[in-house]
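Below is target_38.cif, holding mmCIF, C-alpha atoms and all ligand atoms.
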data_coords
#
loop_
_atom_site.label_atom_id
_atom_site.label_comp_id
_atom_site.auth_asym_id
_atom_site.auth_seq_id
_atom_site.Cartn_x
_atom_site.Cartn_y
_atom_site.Cartn_z
CA MET A 8 4.94 311.34 133.60
CA GLU A 9 8.65 312.01 132.99
CA LYS A 10 10.75 312.44 136.14
CA LEU A 11 14.04 314.12 136.94
CA SER A 12 16.34 311.93 139.05
CA PHE A 13 18.59 313.13 141.82
CA LYS A 14 21.78 311.47 143.10
CA ASN A 15 20.14 310.14 146.27
CA GLY A 16 17.44 308.42 144.20
CA ASP A 17 14.71 311.04 144.71
CA THR A 18 12.63 311.87 141.65
CA MET A 19 10.83 315.07 140.74
CA PRO A 20 7.84 314.94 138.37
CA ALA A 21 8.69 316.95 135.25
CA ILE A 22 5.40 318.89 135.23
CA GLY A 23 4.58 320.96 138.31
CA LEU A 24 1.98 323.55 139.19
CA GLY A 25 3.34 327.11 139.14
CA THR A 26 1.92 329.40 141.84
CA TRP A 27 3.57 332.73 140.95
CA LYS A 28 0.78 335.27 140.22
CA SER A 29 -1.89 333.01 141.71
CA ASP A 30 -3.94 335.21 144.02
CA PRO A 31 -4.16 334.02 147.63
CA GLY A 32 -7.93 333.69 147.07
CA ASP A 33 -7.44 331.35 144.09
CA VAL A 34 -4.38 329.32 144.93
CA HIS A 35 -5.99 327.02 147.52
CA ASP A 36 -8.49 325.64 145.02
CA ALA A 37 -5.84 325.57 142.28
CA VAL A 38 -3.58 323.35 144.40
CA ILE A 39 -6.49 321.03 145.27
CA ALA A 40 -7.53 320.85 141.59
CA ALA A 41 -3.94 320.13 140.60
CA ILE A 42 -3.53 317.30 143.09
CA GLN A 43 -6.86 315.84 141.96
CA SER A 44 -5.67 316.09 138.33
CA GLY A 45 -2.57 314.08 139.21
CA TYR A 46 0.06 316.76 139.85
CA ARG A 47 2.65 315.65 142.37
CA HIS A 48 4.87 318.73 142.11
CA ILE A 49 3.98 322.21 143.39
CA ASP A 50 6.31 325.18 142.87
CA CYS A 51 6.11 327.93 145.51
CA ALA A 52 8.10 330.89 146.82
CA ALA A 53 7.92 333.13 149.87
CA ILE A 54 7.67 336.24 147.67
CA TYR A 55 4.51 334.96 145.92
CA GLY A 56 2.63 335.98 149.07
CA ASN A 57 0.39 332.91 149.01
CA GLU A 58 2.31 330.16 150.81
CA SER A 59 -0.09 330.02 153.77
CA GLU A 60 -3.01 329.42 151.35
CA VAL A 61 -0.97 326.73 149.57
CA GLY A 62 -0.27 325.29 153.05
CA GLU A 63 -4.01 325.13 153.85
CA ALA A 64 -4.58 323.24 150.60
CA LEU A 65 -1.75 320.79 151.32
CA LYS A 66 -3.11 320.19 154.82
CA LYS A 67 -6.54 319.39 153.36
CA ALA A 68 -5.07 317.16 150.64
CA PHE A 69 -3.14 315.12 153.22
CA ALA A 70 -6.06 315.00 155.69
CA ASP A 71 -8.55 313.87 153.02
CA GLY A 72 -6.14 311.20 151.75
CA MET A 73 -5.77 312.75 148.26
CA VAL A 74 -2.02 312.35 148.47
CA LYS A 75 0.66 311.46 151.01
CA ARG A 76 3.47 313.87 151.88
CA GLU A 77 6.09 311.44 150.53
CA GLU A 78 4.30 311.34 147.16
CA LEU A 79 4.47 315.10 146.69
CA TRP A 80 7.38 317.29 145.53
CA VAL A 81 7.27 320.80 147.00
CA THR A 82 9.74 323.51 145.97
CA SER A 83 10.10 326.95 147.55
CA LYS A 84 12.55 329.84 147.28
CA LEU A 85 14.57 332.11 149.53
CA TRP A 86 13.74 335.77 148.99
CA ASN A 87 16.44 338.35 148.25
CA ASN A 88 16.08 340.10 151.61
CA SER A 89 17.28 337.01 153.51
CA HIS A 90 20.64 336.26 151.89
CA ARG A 91 22.80 336.62 154.99
CA ARG A 92 24.03 333.40 156.51
CA GLU A 93 22.02 333.75 159.72
CA GLN A 94 18.79 334.64 157.87
CA ILE A 95 18.44 331.52 155.74
CA ILE A 96 17.22 328.96 158.27
CA PRO A 97 14.68 331.41 159.80
CA ALA A 98 13.40 332.29 156.28
CA LEU A 99 13.05 328.61 155.44
CA GLU A 100 11.34 327.91 158.78
CA LYS A 101 8.78 330.65 158.01
CA THR A 102 8.07 329.07 154.62
CA LEU A 103 7.72 325.63 156.23
CA LYS A 104 5.34 327.05 158.83
CA ASP A 105 3.24 328.70 156.09
CA LEU A 106 3.23 325.57 153.95
CA GLN A 107 2.52 323.44 157.08
CA LEU A 108 5.36 321.12 156.13
CA GLU A 109 8.30 319.64 158.02
CA TYR A 110 10.61 319.71 155.03
CA LEU A 111 10.81 320.96 151.46
CA ASN A 112 11.89 318.73 148.63
CA LEU A 113 13.77 321.62 147.05
CA TYR A 114 14.81 325.08 148.25
CA LEU A 115 16.21 327.60 145.79
CA VAL A 116 18.04 330.92 146.04
CA HIS A 117 15.41 332.96 144.15
CA TRP A 118 17.75 335.54 142.52
CA PRO A 119 21.47 336.37 142.63
CA ILE A 120 20.41 339.72 144.11
CA ALA A 121 20.56 340.83 147.75
CA LEU A 122 18.25 343.35 149.41
CA ASN A 123 18.23 344.90 152.86
CA LYS A 124 16.30 342.79 155.35
CA ASP A 125 13.33 345.16 155.69
CA VAL A 126 12.87 345.55 151.90
CA THR A 127 10.52 343.38 149.86
CA PHE A 128 10.85 345.16 146.49
CA PRO A 129 13.47 347.88 146.05
CA GLU A 130 12.27 351.44 145.64
CA GLY A 131 15.69 353.11 145.62
CA PRO A 132 19.39 352.30 145.45
CA ASP A 133 19.72 352.18 149.26
CA ASP A 134 17.45 349.14 149.36
CA PHE A 135 20.12 346.95 147.76
CA LEU A 136 23.09 345.10 149.16
CA SER A 137 25.81 344.29 146.64
CA LEU A 138 27.17 340.80 146.09
CA GLU A 139 30.44 342.06 147.57
CA GLU A 140 28.55 342.83 150.80
CA VAL A 141 26.62 339.55 150.79
CA PRO A 142 28.40 337.07 148.51
CA ILE A 143 26.40 334.22 147.01
CA THR A 144 28.88 331.85 148.64
CA GLU A 145 27.73 333.10 152.06
CA THR A 146 24.11 332.53 151.08
CA TRP A 147 25.01 329.10 149.73
CA LYS A 148 26.54 328.08 153.09
CA GLY A 149 23.16 328.77 154.69
CA MET A 150 21.47 326.69 151.98
CA GLU A 151 23.89 323.82 152.69
CA GLU A 152 23.07 324.10 156.37
CA ALA A 153 19.35 323.83 155.52
CA LYS A 154 20.06 320.61 153.66
CA HIS A 155 22.22 319.19 156.46
CA LYS A 156 19.43 319.90 158.93
CA GLY A 157 16.99 317.99 156.71
CA LEU A 158 14.76 321.06 156.25
CA ALA A 159 15.30 320.85 152.49
CA LYS A 160 16.11 317.54 150.81
CA HIS A 161 17.69 319.31 147.84
CA ILE A 162 19.03 322.81 147.26
CA GLY A 163 19.57 324.91 144.17
CA VAL A 164 19.39 328.32 142.56
CA SER A 165 17.15 330.32 140.26
CA ASN A 166 17.89 332.98 137.65
CA PHE A 167 21.58 332.04 137.68
CA SER A 168 23.74 332.53 134.57
CA GLU A 169 26.41 330.02 133.64
CA LYS A 170 29.05 332.45 134.94
CA LYS A 171 27.37 332.70 138.34
CA ILE A 172 27.13 328.92 138.63
CA ARG A 173 30.81 328.57 137.65
CA GLU A 174 31.81 331.07 140.35
CA LEU A 175 29.70 329.26 142.93
CA LEU A 176 31.18 325.87 142.00
CA GLN A 177 34.71 327.22 142.36
CA GLN A 178 34.11 328.43 145.89
CA SER A 179 31.65 325.95 147.40
CA GLU A 180 31.66 322.46 148.79
CA SER A 181 28.47 321.35 147.08
CA LYS A 182 26.81 321.98 143.74
CA PRO A 183 23.35 323.40 143.24
CA GLU A 184 21.13 320.53 142.17
CA MET A 185 18.71 322.73 140.21
CA ASN A 186 18.68 326.02 138.32
CA GLN A 187 15.18 327.39 137.72
CA VAL A 188 15.14 329.91 134.87
CA GLU A 189 12.76 331.44 132.35
CA MET A 190 12.68 329.05 129.42
CA HIS A 191 10.34 328.65 126.43
CA PRO A 192 10.71 328.57 122.62
CA TYR A 193 11.47 332.32 122.52
CA LEU A 194 14.20 331.94 125.19
CA GLN A 195 15.64 328.47 124.72
CA GLN A 196 18.86 328.99 126.72
CA LYS A 197 20.70 326.34 124.70
CA GLU A 198 24.17 327.10 126.13
CA LEU A 199 22.89 327.15 129.71
CA VAL A 200 21.04 323.87 129.14
CA ALA A 201 24.22 322.28 127.75
CA TYR A 202 26.36 323.60 130.62
CA CYS A 203 23.95 322.47 133.34
CA LYS A 204 23.65 319.06 131.70
CA GLU A 205 27.46 318.72 131.67
CA GLN A 206 27.53 319.64 135.38
CA GLY A 207 24.66 317.35 136.37
CA ILE A 208 22.48 320.31 137.36
CA HIS A 209 18.77 319.99 136.55
CA LEU A 210 16.77 322.83 135.02
CA THR A 211 13.21 323.96 135.61
CA ALA A 212 11.51 326.18 133.04
CA TYR A 213 9.48 329.03 134.50
CA SER A 214 7.05 331.17 132.51
CA PRO A 215 6.81 328.32 129.95
CA LEU A 216 3.65 329.81 128.42
CA GLY A 217 5.15 333.28 128.10
CA SER A 218 3.62 334.52 131.34
CA GLY A 219 0.78 336.51 129.76
CA ASP A 220 -0.37 337.56 133.25
CA ARG A 221 3.03 338.93 134.31
CA PRO A 222 2.99 342.21 136.24
CA ALA A 223 2.93 345.51 134.37
CA ARG A 224 6.50 346.26 135.47
CA SER A 225 7.62 343.33 133.29
CA LYS A 226 5.53 344.23 130.23
CA LYS A 227 6.91 346.04 127.18
CA GLU A 228 4.87 347.02 124.14
CA SER A 229 7.38 345.30 121.87
CA ASP A 230 7.01 341.93 123.66
CA PRO A 231 5.94 339.09 121.35
CA VAL A 232 3.02 336.87 122.43
CA LEU A 233 4.29 333.32 122.71
CA MET A 234 0.82 331.74 122.97
CA GLU A 235 -0.10 333.28 119.60
CA ASP A 236 2.90 331.86 117.74
CA LYS A 237 1.73 330.44 114.36
CA THR A 238 4.23 327.58 114.32
CA ILE A 239 3.16 326.47 117.80
CA HIS A 240 -0.51 326.70 116.72
CA ASN A 241 0.17 324.58 113.61
CA ILE A 242 1.89 321.88 115.65
CA ALA A 243 -0.99 321.99 118.17
CA LYS A 244 -3.51 321.42 115.34
CA LYS A 245 -1.61 318.34 114.15
CA HIS A 246 -1.72 316.84 117.65
CA ASP A 247 -5.28 317.98 118.24
CA CYS A 248 -4.10 319.70 121.40
CA SER A 249 -3.72 323.27 122.65
CA PRO A 250 -0.72 325.60 122.06
CA ALA A 251 -0.05 325.52 125.83
CA GLN A 252 0.24 321.74 125.69
CA VAL A 253 2.79 321.97 122.85
CA LEU A 254 4.87 324.41 124.93
CA ILE A 255 4.76 322.14 127.99
CA SER A 256 5.52 319.02 125.97
CA TRP A 257 8.48 320.82 124.34
CA ALA A 258 9.98 321.56 127.78
CA VAL A 259 9.51 317.97 128.97
CA ASN A 260 11.01 316.66 125.72
CA ARG A 261 14.16 318.65 126.39
CA GLY A 262 14.63 316.89 129.74
CA THR A 263 13.72 319.89 131.89
CA ALA A 264 11.04 320.30 134.51
CA VAL A 265 8.30 322.83 133.71
CA ILE A 266 5.88 324.71 135.97
CA PRO A 267 2.94 326.20 134.04
CA LYS A 268 0.84 328.44 136.27
CA SER A 269 -2.93 328.21 136.18
CA VAL A 270 -5.80 328.80 138.59
CA ASN A 271 -8.36 327.39 136.18
CA PRO A 272 -9.26 323.70 136.83
CA LYS A 273 -9.74 322.89 133.11
CA ARG A 274 -6.40 324.43 132.15
CA ILE A 275 -4.71 322.81 135.17
CA GLN A 276 -5.93 319.43 133.84
CA GLN A 277 -5.01 320.30 130.26
CA ASN A 278 -1.48 321.27 131.29
CA ILE A 279 -0.70 317.97 133.00
CA ASP A 280 -2.28 316.07 130.11
CA ALA A 281 0.52 317.53 127.97
CA ALA A 282 2.63 314.68 129.43
CA LYS A 283 0.84 312.40 126.93
CA ILE A 284 1.89 314.39 123.86
CA ASN A 285 4.94 313.22 121.93
CA LEU A 286 6.49 315.81 119.66
CA SER A 287 8.44 314.37 116.73
CA ASP A 288 12.13 315.15 116.12
CA ASP A 289 11.05 317.28 113.15
CA GLU A 290 8.67 319.26 115.35
CA MET A 291 11.36 319.74 118.02
CA GLN A 292 13.69 321.01 115.29
CA THR A 293 11.07 323.37 113.94
CA ILE A 294 10.53 324.79 117.44
CA ALA A 295 14.32 325.09 117.90
CA GLY A 296 14.18 327.60 115.04
CA LEU A 297 11.81 329.92 116.96
CA ASP A 298 14.41 331.17 119.47
CA LYS A 299 14.42 334.97 119.76
CA HIS A 300 16.44 335.16 122.98
CA HIS A 301 13.52 337.11 124.39
CA ARG A 302 13.16 337.45 128.16
CA PHE A 303 9.69 338.32 129.42
CA ILE A 304 11.12 338.61 132.96
CA ASP A 305 14.25 340.56 132.15
CA GLY A 306 15.09 341.65 135.71
CA ALA A 307 15.18 345.33 134.71
CA PHE A 308 13.57 346.09 138.09
CA TRP A 309 16.90 345.13 139.76
CA ALA A 310 18.89 347.50 137.57
CA MET A 311 17.38 350.86 138.57
CA GLU A 312 19.64 353.90 138.61
CA GLY A 313 22.17 353.73 141.42
CA SER A 314 21.59 350.00 142.01
CA PRO A 315 24.74 347.86 142.36
CA TYR A 316 23.14 345.50 139.80
CA SER A 317 22.93 345.88 136.03
CA MET A 318 21.19 343.77 133.40
CA GLU A 319 24.54 342.84 131.93
CA GLY A 320 25.89 341.82 135.33
CA LEU A 321 22.72 339.87 136.10
CA TRP A 322 22.59 337.72 132.99
CA ASN A 323 26.27 337.97 132.06
CA GLU A 324 25.40 338.58 128.41
P1 LIG B 401 -4.98 331.03 134.16
O1 LIG B 401 -4.27 331.00 135.50
O2 LIG B 401 -6.23 331.84 134.19
O3 LIG B 401 -5.18 329.65 133.60
P2 LIG B 401 3.10 331.05 132.69
O4 LIG B 401 2.99 329.66 133.26
O5 LIG B 401 4.00 331.14 131.52
O6 LIG B 401 3.45 332.06 133.77
O7 LIG B 401 1.67 331.48 132.14
C1 LIG B 401 0.57 331.68 132.99
C2 LIG B 401 -0.57 332.30 132.20
O8 LIG B 401 -1.04 331.37 131.22
C3 LIG B 401 -1.74 332.65 133.06
O9 LIG B 401 -2.34 333.82 132.53
C4 LIG B 401 -2.66 331.44 132.91
O10 LIG B 401 -4.00 331.82 133.13
C5 LIG B 401 -2.44 331.08 131.47
N1 LIG B 401 -2.63 329.64 131.18
C6 LIG B 401 -2.26 328.60 131.92
N2 LIG B 401 -2.55 327.44 131.32
C7 LIG B 401 -3.13 327.75 130.14
C8 LIG B 401 -3.67 326.99 129.07
N3 LIG B 401 -3.65 325.66 129.08
N4 LIG B 401 -4.21 327.67 128.02
C9 LIG B 401 -4.24 329.04 128.00
N5 LIG B 401 -3.74 329.80 128.99
C10 LIG B 401 -3.18 329.18 130.05
#

What would the structure in this file look like if it were written as structure tokens?
Amino acid sequence: MEKLSFKNGDTMPAIGLGTWKSDPGDVHDAVIAAIQSGYRHIDCAAIYGNESEVGEALKKAFADGMVKREELWVTSKLWNNSHRREQIIPALEKTLKDLQLEYLNLYLVHWPIALNKDVTFPEGPDDFLSLEEVPITETWKGMEEAKHKGLAKHIGVSNFSEKKIRELLQQSESKPEMNQVEMHPYLQQKELVAYCKEQGIHLTAYSPLGSGDRPARSKKESDPVLMEDKTIHNIAKKHDCSPAQVLISWAVNRGTAVIPKSVNPKRIQQNIDAAKINLSDDEMQTIAGLDKHHRFIDGAFWAMEGSPYSMEGLWNE
């Protein structure tokens, strides 16, 4: 299994289990199946609404000797309604309580979007706080504090454009160590990948399979179906593997981490087995030609009328 290395010597397995969209009733068994299949990286977030079920699974896995805490990489994310400096440690402590852990390996700012503290998803413009009211630099100070306290070994961001990372770097003492963004052959993010590499910031690819089970609010009729791509299917046939495995192998080959979500034990196993597939340079080049700059998770839900956020301001493109 490929690993991403951090400055202090810690390593993160390139393939992790995604838990976004995993129902609370399914995620416990999915985490157990993943650990039994050899996963040592689980990607979580407070907003997924299933961290206490993930926590039950982790408790069982440790108690039954399936894995030791120090062998496992656990990531979670700060939700948008907890961006104020004084909210960050309590939000992280809630996540740690739910996950039944003493520390996270990685804690990320989920979105560069701030919401009022009693709002989970915005329903109107009053639910938002602008980045002038709660600057990312304020949020980042709380993240740094979490790291200093040892509650998170590493800290980073998610859904950040190059511009937002540049602004953060100019005004902060420490760099994010990770940027987790949507990434797959239809959204290859070549400039962002090059910039993060230059800055020594790792990337994790979310929705690597095109997130077929994404919520209705993120579905458009014109969306392409990544898992049905003919080129990906042809490459899969050559390797006698599945299209999902080609997509996962592609992400690993590019030096990123990747977090395919599944609650199905066979697919969970299949997805980690993608670590054994080696795509040729020619195949990587062929896939490079598939880029459509297509976001499945385009963040339009943050850009409702009257919101201080716009799609252009979010992605800076
Ligand atoms: P399931 O959880 O039933 O396995 P993404 O990681 O891009 O968000 O995609 C997740 C979607 O892809 C889910 O619908 C998941 O369904 C499905 N999926 C996960 N692994 C595979 C696989 N190996 N083959 C086909 N579908 C998969």

Practice problem: Go ahead and compute the interatomic distance for atom CA of A:Pro142 and atom CA of A:Gly207, in Å to one decimal. | Solution: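 Interatomic distance, atom CA of A:Pro142 to atom CA of A:Gly207: 23.5 Å.
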
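You will find atom CA of A:Glu145 at 21.5 Å from atom CA of A:Val188.
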
Quiz item: Excluding same-chain residues fewer than 6 positions from A:His48, what lies within 6 Å of it counting all atoms listed in the file, as a count of residues only?
Solution: 4

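Minimum distance to A:Ser137 across A:Val164, A:Leu113, A:Leu321, A:Val259 (counting all atoms listed in the file) occurs at A:Leu321.
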
Just the residues within 8 Å of A:Asp125, please, counting all atoms listed in the file, with nothing from its chain fewer than 2 positions along; format it as an mmCIF file with C-alpha atoms, in the frame of the given file.
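The resulting file, around.cif, is shown below:
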data_model
loop_
_atom_site.group_PDB
_atom_site.id
_atom_site.type_symbol
_atom_site.label_atom_id
_atom_site.label_comp_id
_atom_site.auth_asym_id
_atom_site.auth_seq_id
_atom_site.Cartn_x
_atom_site.Cartn_y
_atom_site.Cartn_z
ATOM 1 C CA ASN A 88 16.080 340.100 151.610
ATOM 2 C CA ASN A 123 18.230 344.900 152.860
ATOM 3 C CA THR A 127 10.520 343.380 149.860
#

Exercise. For the point (22.1, 325.4, 126.4) in the file's frame, write as JSON, numbers by chain all residues with an atom no more than 12 Å away, counting only C-alpha atoms.
Key: {"A": [168, 169, 188, 190, 194, 195, 196, 197, 198, 199, 200, 201, 202, 203, 204, 205, 206, 209, 210, 261, 262, 263, 295, 298, 300]}

Quiz item: Just how far from atom O9 of ligand LIG 401 (chain B) is atom CA of A:Lys283, in Å to one decimal?
Solution: 22.4 Å

Quiz item: If you count all atoms listed in the file, which residues fall within 7 Å of A:Ile39, apart from same-chain ones fewer than 4 positions away, as a ChimeraX atom specification?
Solution: /A:35,43,64,68

Exercise. List all protein, DNA and RNA residues that have at least one atom no more than 10 Å from any atom of ligand LIG 401 (chain B), counting all atoms listed in the file, and write them as number ranges by chain.
Key: A: 24-30, 33-34, 37, 189-191, 212-221, 233-234, 248-255, 265-281, 303

Quiz item: For A:Leu65, which residue among A:Thr293, A:Ser314, A:Gln107, A:Ser256 is the nearest when counting only C-alpha atoms?
Solution: A:Gln107

Exercise. Might you pull out every residue within 7 Å of stretch 90-99 of chain A, with all atoms listed in the file counted and same-chain residues fewer than 6 positions away left off, and present them as a list in words?
Key: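 Surrounding residues, per the criterion: Ala121, Val141, Glu145, Thr146, Lys148, Gly149, Met150 and Ala153 of chain A.
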
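In terms of minimum interatomic distance to A:Ile284, A:Ala243 ranks closest within A:Ala243, A:Ala310, A:Ala264, A:Met185, counting all atoms listed in the file.
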
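Between A:Ile242 and the residues A:Leu111, A:Ala21, A:Val126, A:Met291, the shortest atom-to-atom distance, using only C-alpha atoms, involves A:Met291.
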
Practice problem: Could you give me, as a PyMOL selection string, the residues that have an atom at most 12 Å away from the point (20.5, 334.9, 142.4) in the coordinates of the file, using only C-alpha atoms? | Solution: chain A and resi 84-90+115-122+137-138+141-144+146-147+163-172+175+183+186-188+306+309+316+320-322

With C-alpha atoms retained, write the just-selected residues as a PDB file, keeping the file's coordinate frame.
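Just written: result_30.pdb:
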ATOM      1  CA  LYS A  84      12.550 329.840 147.280  1.00  0.00           C
ATOM      2  CA  LEU A  85      14.570 332.110 149.530  1.00  0.00           C
ATOM      3  CA  TRP A  86      13.740 335.770 148.990  1.00  0.00           C
ATOM      4  CA  ASN A  87      16.440 338.350 148.250  1.00  0.00           C
ATOM      5  CA  ASN A  88      16.080 340.100 151.610  1.00  0.00           C
ATOM      6  CA  SER A  89      17.280 337.010 153.510  1.00  0.00           C
ATOM      7  CA  HIS A  90      20.640 336.260 151.890  1.00  0.00           C
ATOM      8  CA  LEU A 115      16.210 327.600 145.790  1.00  0.00           C
ATOM      9  CA  VAL A 116      18.040 330.920 146.040  1.00  0.00           C
ATOM     10  CA  HIS A 117      15.410 332.960 144.150  1.00  0.00           C
ATOM     11  CA  TRP A 118      17.750 335.540 142.520  1.00  0.00           C
ATOM     12  CA  PRO A 119      21.470 336.370 142.630  1.00  0.00           C
ATOM     13  CA  ILE A 120      20.410 339.720 144.110  1.00  0.00           C
ATOM     14  CA  ALA A 121      20.560 340.830 147.750  1.00  0.00           C
ATOM     15  CA  LEU A 122      18.250 343.350 149.410  1.00  0.00           C
ATOM     16  CA  SER A 137      25.810 344.290 146.640  1.00  0.00           C
ATOM     17  CA  LEU A 138      27.170 340.800 146.090  1.00  0.00           C
ATOM     18  CA  VAL A 141      26.620 339.550 150.790  1.00  0.00           C
ATOM     19  CA  PRO A 142      28.400 337.070 148.510  1.00  0.00           C
ATOM     20  CA  ILE A 143      26.400 334.220 147.010  1.00  0.00           C
ATOM     21  CA  THR A 144      28.880 331.850 148.640  1.00  0.00           C
ATOM     22  CA  THR A 146      24.110 332.530 151.080  1.00  0.00           C
ATOM     23  CA  TRP A 147      25.010 329.100 149.730  1.00  0.00           C
ATOM     24  CA  GLY A 163      19.570 324.910 144.170  1.00  0.00           C
ATOM     25  CA  VAL A 164      19.390 328.320 142.560  1.00  0.00           C
ATOM     26  CA  SER A 165      17.150 330.320 140.260  1.00  0.00           C
ATOM     27  CA  ASN A 166      17.890 332.980 137.650  1.00  0.00           C
ATOM     28  CA  PHE A 167      21.580 332.040 137.680  1.00  0.00           C
ATOM     29  CA  SER A 168      23.740 332.530 134.570  1.00  0.00           C
ATOM     30  CA  GLU A 169      26.410 330.020 133.640  1.00  0.00           C
ATOM     31  CA  LYS A 170      29.050 332.450 134.940  1.00  0.00           C
ATOM     32  CA  LYS A 171      27.370 332.700 138.340  1.00  0.00           C
ATOM     33  CA  ILE A 172      27.130 328.920 138.630  1.00  0.00           C
ATOM     34  CA  LEU A 175      29.700 329.260 142.930  1.00  0.00           C
ATOM     35  CA  PRO A 183      23.350 323.400 143.240  1.00  0.00           C
ATOM     36  CA  ASN A 186      18.680 326.020 138.320  1.00  0.00           C
ATOM     37  CA  GLN A 187      15.180 327.390 137.720  1.00  0.00           C
ATOM     38  CA  VAL A 188      15.140 329.910 134.870  1.00  0.00           C
ATOM     39  CA  GLY A 306      15.090 341.650 135.710  1.00  0.00           C
ATOM     40  CA  TRP A 309      16.900 345.130 139.760  1.00  0.00           C
ATOM     41  CA  TYR A 316      23.140 345.500 139.800  1.00  0.00           C
ATOM     42  CA  GLY A 320      25.890 341.820 135.330  1.00  0.00           C
ATOM     43  CA  LEU A 321      22.720 339.870 136.100  1.00  0.00           C
ATOM     44  CA  TRP A 322      22.590 337.720 132.990  1.00  0.00           C
TER      45      TRP A 322
END

Taking every listed atom of stretch 296-309 of chain A and adding 5 Å to each side, what centre and edge lengths in Å (one decimal) does the axis-aligned box have, as lines of an AutoDock Vina configuration file?
center_x = 13.3
center_y = 336.8
center_z = 127.4
size_x = 17.2
size_y = 28.5
size_z = 34.7

Quiz item: Nearest to A:Ala307 among A:Ser44, A:Ser225, A:Ser287, A:Gln177, with distances taken over only C-alpha atoms: which residue is it?
Solution: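 Nearest to A:Ala307: A:Ser225.
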
Quiz item: Using only C-alpha atoms, which of A:Arg173, A:Leu136, A:Ser229, A:Val61 sits nearest A:Asn323?
Solution: A:Arg173

Rebuild stretch 67-71 of chain A to all heavy atoms - output it as an mmCIF file, in the coordinates of the input, please.
data_model
loop_
_atom_site.group_PDB
_atom_site.id
_atom_site.type_symbol
_atom_site.label_atom_id
_atom_site.label_comp_id
_atom_site.auth_asym_id
_atom_site.auth_seq_id
_atom_site.Cartn_x
_atom_site.Cartn_y
_atom_site.Cartn_z
ATOM 1 N N LYS A 67 -5.274 320.049 153.731
ATOM 2 C CA LYS A 67 -6.540 319.390 153.360
ATOM 3 C C LYS A 67 -6.278 318.140 152.502
ATOM 4 O O LYS A 67 -6.874 317.087 152.715
ATOM 5 C CB LYS A 67 -7.427 320.380 152.595
ATOM 6 C CG LYS A 67 -8.753 319.786 152.154
ATOM 7 C CD LYS A 67 -9.627 320.827 151.476
ATOM 8 C CE LYS A 67 -10.793 320.207 150.716
ATOM 9 N NZ LYS A 67 -11.648 319.328 151.516
ATOM 10 N N ALA A 68 -5.360 318.290 151.540
ATOM 11 C CA ALA A 68 -5.070 317.160 150.640
ATOM 12 C C ALA A 68 -4.527 315.962 151.415
ATOM 13 O O ALA A 68 -4.905 314.816 151.146
ATOM 14 C CB ALA A 68 -4.069 317.605 149.564
ATOM 15 N N PHE A 69 -3.674 316.223 152.413
ATOM 16 C CA PHE A 69 -3.140 315.120 153.220
ATOM 17 C C PHE A 69 -4.254 314.550 154.112
ATOM 18 O O PHE A 69 -4.424 313.332 154.210
ATOM 19 C CB PHE A 69 -1.973 315.581 154.108
ATOM 20 C CG PHE A 69 -0.776 316.109 153.327
ATOM 21 C CD1 PHE A 69 -0.043 317.206 153.790
ATOM 22 C CD2 PHE A 69 -0.373 315.500 152.142
ATOM 23 C CE1 PHE A 69 1.054 317.693 153.092
ATOM 24 C CE2 PHE A 69 0.730 315.985 151.430
ATOM 25 C CZ PHE A 69 1.446 317.085 151.894
ATOM 26 N N ALA A 70 -5.018 315.450 154.752
ATOM 27 C CA ALA A 70 -6.060 315.000 155.690
ATOM 28 C C ALA A 70 -7.129 314.175 154.979
ATOM 29 O O ALA A 70 -7.632 313.190 155.516
ATOM 30 C CB ALA A 70 -6.678 316.212 156.385
ATOM 31 N N ASP A 71 -7.483 314.584 153.758
ATOM 32 C CA ASP A 71 -8.550 313.870 153.020
ATOM 33 C C ASP A 71 -8.014 312.654 152.266
ATOM 34 O O ASP A 71 -8.753 312.014 151.509
ATOM 35 C CB ASP A 71 -9.225 314.832 152.025
ATOM 36 C CG ASP A 71 -10.027 315.920 152.740
ATOM 37 O OD1 ASP A 71 -10.036 315.904 153.988
ATOM 38 O OD2 ASP A 71 -10.617 316.785 152.054
#
